[in-house]
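Peer 1: My questions will all concern the structure given below.
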Amino acid sequence: MRQQPRHHRRSATSRRGALAPVGLALLLSACVASGPGLAHDVTTSAGASPTLAPTPPPQPPPLLTPAKVEAALSRLDGVVHETMTKTGVPGMALGVVYRDRVVHLRGFGVRRVGRPAVVDPDTVFQLASVSKPLASTVVAGAVGDKAVSWDDTVSTYDRGFALKSPWVSSHVTLADLFAHRSGLPDHAGDLLEDLHFDRSYILRHLRDEPLAPFRASYAYTNFGFTEGALAAARAEGTTWEDLSSRLLYRPLGMRSTSSRFADYEKASDKAVGHVRVGHLWRPRYVRDADAQAPAGGASSTVRDMSQWLRLQLANGRLGGKRVVDETALLQTHLPHIVSGPPRAPAGRTDFYGLGWNVSYDDHGRLMLSHSGAFSLGAATSVTLLPSEQLGIVILTNGAPVGAPEAVARTFLDIAQDGKPSVDWLGLFGKLFAGLEQEGRSPTDYSKPPAHPVPAGPQSAYIGAYENGYYGRLMVRAGSGGLVMRLGPRPSAFALGHYSGEVFSYRTQGENAVGLSGVTFVRQGRGPARSVTVENLDHTGLGTFTRR
């Protein structure tokens, strides 16, 4: 899911899907430069645990009226139809909650291109990084039950947990991991998931990642977030999948919501993921995000998610009944780290809370949001204005092009001002198109030099290479040339020669970035001693040494 400075390319769950995930707030900060920064910076020094305020800053009185919201609702279906027509996104579902009532619940389009089944309010979608605010709600429930505290160290519940710094390992808390301020690099571990390593392997190898300053830097990390959620589940003596069901899904009657991919797969009424192939949308891939279930692996319907919106806007109550402790829940709504500094003198600062993007609008109103993005075929968005008791959730079955974010922002603009303040779809479309290019190699491997340096004999490259983070890399001769194999299964990648000792391969998976380089190091005419895979080397971990 993509969210982030590099969002989102790195969504959800992915480097690219992280915007998943990229938070809506981060995107807005790139283009909205009005109004002062009104939030409080609660970042702490590395030596002390953060002290969490019990409530968010006081909010201004409501600016919206039922009549304004009703007028915006009357235009909302038209906004959806226009957005789907312009983008071609196959299916979309949305829910709107206002003053503790579900005031709009609709499905649009089809679950799968080429088939007649339509999307309805009970169609199950993959949530991608919208799983994160769901997960922080679950842990708030555990905090309210006194099973854990947001300030508990992760090592209290997971003795094997470690990061590169022993000091950070012993001090990092659940809140640190939920706020992406542990020092782990952007989307740490996501590439291991693409290579089909399992959850335990990925979490165990977070200790190999270089660290930025603890509690002083923000970097969106799906697997850091996942580790924090699993620590809470261990404290309760259960699995994350069972804890989320027991503390949240069942109490809210969210019967179609799950943190298990298998439950999404077996749903009869589900939307499948689509990607754009040229100008058409096609169901090319299946995204199993079980490895990072708390961060990006939940699935749900807009009917179920609307009940969760009611809970959020009522500070932990549903239908007058207390489900989640109010103080524990409100701590998730506070700024815990700066996620986006102002980009203009009059710009606002963006923050990340615990599973939420936290921002403040021109009127000083708290806005909570999160986007989810699977580049393999899902885009989702949730936005809350707590002081207005208004929230909207939008789920789609198409790769991220800005559709759910644009619908949400257009709806909120119409409710407040009677018209959109900008062309949100055009703006988000450009931003997502730019994110699509991030992470790609500066070398265009599809265009080799006019006079490339010849490669050595195949025997110079064939063999086994080892890497403490990515495991074994095998190079073998294939029918069309050299083939590189990576991962526990393993995955096979054809190597195309570029020039000299440099080859290229086509990346695959949620974080694919097109062609990337593979550079061998030889001594004289002897066999290669090592090989560096460009796309795996963002944090200096991509070099494999011959065995």
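Chains: A, B, ... in order of the structure tokens. Residues: from 1 per chain. Ligands: from 1, in order shown.
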Can you pull out the residues contacting range 505-517 of chain A? Cut-off 7 Å, using only C-alpha atoms, and skip same-chain residues under 4 positions away; I want them as JSON, numbers by chain.

Peer 2: {"A": [10, 14, 15, 16, 191, 194, 374, 375, 376, 439, 440, 441, 445, 493, 494, 495, 496, 533, 534, 535]}

Peer 1: Near Phe161 in chain A, counting only C-alpha atoms, which residues have an atom at most 10 Å away, once you skip same-chain residues fewer than 6 positions from it, shown as a short mmCIF file (atom, residue, chain, number, x, y, z; two decimals) with C-alpha atoms, in the first residue's frame?

Peer 2:
data_model
loop_
_atom_site.label_atom_id
_atom_site.label_comp_id
_atom_site.auth_asym_id
_atom_site.auth_seq_id
_atom_site.Cartn_x
_atom_site.Cartn_y
_atom_site.Cartn_z
CA VAL A 154 7.39 -4.51 21.63
CA SER A 155 10.12 -6.70 23.14
CA SER A 169 15.14 -2.76 19.88
CA SER A 170 14.64 -2.57 23.62
CA LEU A 203 9.85 -9.73 10.53
CA ARG A 204 12.98 -11.57 11.65
CA HIS A 205 15.06 -9.81 8.99
CA LEU A 206 13.95 -6.29 9.85
CA ARG A 207 17.02 -6.33 12.09
CA GLU A 227 5.03 -6.28 14.15
CA ALA A 231 2.77 -7.83 19.68
#

Peer 1: As a compact mmCIF listing (two decimals) with all heavy atoms, in the first residue's frame, list the residues of range 237-294 of chain A assigned to helix (DSSP H, G or I) by DSSP on the backbone atoms of this structure.

Peer 2:
# COMPACT_ATOMS: atom_id res chain seq x y z
N TRP A 240 -3.43 -12.39 15.43
CA TRP A 240 -3.99 -11.12 14.99
C TRP A 240 -5.36 -11.33 14.35
O TRP A 240 -6.30 -10.56 14.61
CB TRP A 240 -3.07 -10.42 14.01
CG TRP A 240 -3.74 -9.21 13.44
CD1 TRP A 240 -4.29 -9.06 12.20
CD2 TRP A 240 -4.01 -8.00 14.15
NE1 TRP A 240 -4.88 -7.82 12.10
CE2 TRP A 240 -4.72 -7.15 13.27
CE3 TRP A 240 -3.71 -7.55 15.44
CZ2 TRP A 240 -5.13 -5.87 13.66
CZ3 TRP A 240 -4.11 -6.28 15.82
CH2 TRP A 240 -4.82 -5.45 14.93
N GLU A 241 -5.48 -12.35 13.54
CA GLU A 241 -6.73 -12.58 12.82
C GLU A 241 -7.89 -12.81 13.79
O GLU A 241 -9.00 -12.31 13.58
CB GLU A 241 -6.54 -13.77 11.88
CG GLU A 241 -5.57 -13.51 10.73
CD GLU A 241 -4.10 -13.50 11.13
OE1 GLU A 241 -3.78 -13.96 12.26
OE2 GLU A 241 -3.27 -13.03 10.32
N ASP A 242 -7.64 -13.56 14.87
CA ASP A 242 -8.70 -13.82 15.85
C ASP A 242 -8.95 -12.60 16.74
O ASP A 242 -10.09 -12.33 17.11
CB ASP A 242 -8.34 -15.03 16.71
CG ASP A 242 -8.45 -16.34 15.95
OD1 ASP A 242 -9.11 -16.35 14.89
OD2 ASP A 242 -7.88 -17.34 16.41
N LEU A 243 -7.88 -11.89 17.09
CA LEU A 243 -8.05 -10.71 17.94
C LEU A 243 -8.89 -9.65 17.25
O LEU A 243 -9.80 -9.05 17.86
CB LEU A 243 -6.68 -10.13 18.30
CG LEU A 243 -6.71 -8.91 19.23
CD1 LEU A 243 -7.17 -9.31 20.63
CD2 LEU A 243 -5.34 -8.22 19.29
N SER A 244 -8.61 -9.38 15.97
CA SER A 244 -9.37 -8.35 15.25
C SER A 244 -10.83 -8.74 15.13
O SER A 244 -11.73 -7.88 15.23
CB SER A 244 -8.75 -8.11 13.87
OG SER A 244 -8.65 -9.29 13.12
N SER A 245 -11.10 -10.01 14.95
CA SER A 245 -12.48 -10.46 14.89
C SER A 245 -13.18 -10.31 16.24
O SER A 245 -14.30 -9.82 16.33
CB SER A 245 -12.54 -11.92 14.42
OG SER A 245 -13.87 -12.38 14.38
N ARG A 246 -12.49 -10.71 17.30
CA ARG A 246 -13.10 -10.70 18.64
C ARG A 246 -13.34 -9.29 19.16
O ARG A 246 -14.40 -9.00 19.75
CB ARG A 246 -12.23 -11.48 19.62
CG ARG A 246 -12.74 -11.43 21.07
CD ARG A 246 -12.04 -12.43 21.94
NE ARG A 246 -10.62 -12.18 22.10
CZ ARG A 246 -10.11 -11.30 22.98
NH1 ARG A 246 -10.91 -10.58 23.75
NH2 ARG A 246 -8.80 -11.14 23.07
N LEU A 247 -12.37 -8.39 18.96
CA LEU A 247 -12.48 -7.06 19.55
C LEU A 247 -13.21 -6.06 18.68
O LEU A 247 -13.69 -5.04 19.20
CB LEU A 247 -11.09 -6.52 19.88
CG LEU A 247 -10.31 -7.23 21.00
CD1 LEU A 247 -9.03 -6.47 21.30
CD2 LEU A 247 -11.16 -7.35 22.26
N LEU A 248 -13.30 -6.31 17.38
CA LEU A 248 -13.89 -5.29 16.50
C LEU A 248 -14.95 -5.83 15.56
O LEU A 248 -16.09 -5.36 15.58
CB LEU A 248 -12.79 -4.59 15.70
CG LEU A 248 -13.24 -3.38 14.88
CD1 LEU A 248 -13.75 -2.27 15.80
CD2 LEU A 248 -12.11 -2.85 14.00
N TYR A 249 -14.60 -6.81 14.75
CA TYR A 249 -15.52 -7.20 13.69
C TYR A 249 -16.82 -7.79 14.25
O TYR A 249 -17.92 -7.40 13.83
CB TYR A 249 -14.85 -8.21 12.74
CG TYR A 249 -13.53 -7.74 12.16
CD1 TYR A 249 -12.59 -8.67 11.71
CD2 TYR A 249 -13.21 -6.39 12.05
CE1 TYR A 249 -11.38 -8.27 11.17
CE2 TYR A 249 -11.99 -5.98 11.52
CZ TYR A 249 -11.08 -6.93 11.09
OH TYR A 249 -9.87 -6.53 10.57
N PHE A 261 -6.89 -13.64 4.08
CA PHE A 261 -7.10 -13.64 2.63
C PHE A 261 -8.06 -14.76 2.23
O PHE A 261 -8.87 -14.58 1.31
CB PHE A 261 -5.76 -13.82 1.92
CG PHE A 261 -5.87 -13.94 0.43
CD1 PHE A 261 -6.19 -12.84 -0.35
CD2 PHE A 261 -5.68 -15.16 -0.20
CE1 PHE A 261 -6.30 -12.94 -1.73
CE2 PHE A 261 -5.78 -15.28 -1.58
CZ PHE A 261 -6.10 -14.16 -2.34
N ALA A 262 -8.01 -15.89 2.90
CA ALA A 262 -8.88 -17.02 2.55
C ALA A 262 -10.35 -16.65 2.65
O ALA A 262 -11.18 -17.14 1.86
CB ALA A 262 -8.57 -18.22 3.45
N ASP A 263 -10.70 -15.78 3.59
CA ASP A 263 -12.10 -15.37 3.73
C ASP A 263 -12.53 -14.48 2.56
O ASP A 263 -13.67 -14.58 2.08
CB ASP A 263 -12.32 -14.66 5.06
CG ASP A 263 -12.19 -15.60 6.25
OD1 ASP A 263 -12.45 -16.80 6.08
OD2 ASP A 263 -11.82 -15.12 7.34
N TYR A 264 -11.63 -13.61 2.13
CA TYR A 264 -11.92 -12.82 0.93
C TYR A 264 -12.07 -13.72 -0.28
O TYR A 264 -13.01 -13.58 -1.07
CB TYR A 264 -10.81 -11.80 0.69
CG TYR A 264 -10.79 -11.25 -0.72
CD1 TYR A 264 -11.69 -10.27 -1.11
CD2 TYR A 264 -9.88 -11.72 -1.66
CE1 TYR A 264 -11.69 -9.78 -2.41
CE2 TYR A 264 -9.86 -11.24 -2.95
CZ TYR A 264 -10.77 -10.27 -3.33
OH TYR A 264 -10.77 -9.80 -4.61
N GLU A 265 -11.17 -14.67 -0.43
CA GLU A 265 -11.17 -15.56 -1.59
C GLU A 265 -12.47 -16.36 -1.70
O GLU A 265 -12.98 -16.58 -2.80
CB GLU A 265 -10.00 -16.53 -1.50
CG GLU A 265 -8.71 -16.02 -2.12
CD GLU A 265 -8.73 -16.09 -3.63
OE1 GLU A 265 -9.30 -15.16 -4.25
OE2 GLU A 265 -8.19 -17.04 -4.21
N LYS A 266 -13.01 -16.82 -0.58
CA LYS A 266 -14.19 -17.68 -0.63
C LYS A 266 -15.50 -16.91 -0.67
O LYS A 266 -16.57 -17.51 -0.83
CB LYS A 266 -14.19 -18.64 0.55
CG LYS A 266 -14.47 -18.00 1.90
CD LYS A 266 -14.39 -19.04 3.01
CE LYS A 266 -14.71 -18.44 4.38
NZ LYS A 266 -14.54 -19.43 5.47
N ASP A 290 -1.64 -11.65 3.30
CA ASP A 290 -1.65 -12.23 4.64
C ASP A 290 -0.38 -11.92 5.43
O ASP A 290 -0.42 -11.78 6.65
CB ASP A 290 -1.83 -13.74 4.57
CG ASP A 290 -3.29 -14.17 4.57
OD1 ASP A 290 -4.16 -13.29 4.75
OD2 ASP A 290 -3.57 -15.37 4.39
N ALA A 291 0.77 -11.83 4.75
CA ALA A 291 2.01 -11.59 5.47
C ALA A 291 1.96 -10.29 6.27
O ALA A 291 2.52 -10.18 7.35
CB ALA A 291 3.19 -11.57 4.50
N GLN A 292 1.26 -9.29 5.74
CA GLN A 292 1.14 -8.00 6.41
C GLN A 292 -0.32 -7.71 6.72
O GLN A 292 -0.79 -6.59 6.57
CB GLN A 292 1.73 -6.89 5.55
CG GLN A 292 1.18 -6.85 4.12
CD GLN A 292 1.52 -5.55 3.42
OE1 GLN A 292 0.90 -4.52 3.64
NE2 GLN A 292 2.55 -5.60 2.59
N ALA A 293 -1.03 -8.71 7.24
CA ALA A 293 -2.47 -8.60 7.44
C ALA A 293 -2.90 -7.35 8.21
O ALA A 293 -3.84 -6.66 7.79
CB ALA A 293 -3.00 -9.86 8.12
N PRO A 294 -2.28 -6.98 9.33
CA PRO A 294 -2.73 -5.78 10.03
C PRO A 294 -2.53 -4.50 9.22
O PRO A 294 -3.30 -3.55 9.36
CB PRO A 294 -1.86 -5.76 11.30
CG PRO A 294 -1.34 -7.15 11.45
CD PRO A 294 -1.19 -7.67 10.05

Peer 1: Nearest residue to Ala379 in chain A out of A:Pro185, A:Gly296, A:Gly109, A:Gly320, using only C-alpha atoms?

Peer 2: A:Gly296

Peer 1: Return the single residue from A:Gly434, A:Pro490, A:Pro90, A:Gly524 that is closest to Leu195 in chain A, with distances computed using only C-alpha atoms.

Peer 2: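 Closest candidate: A:Pro490.
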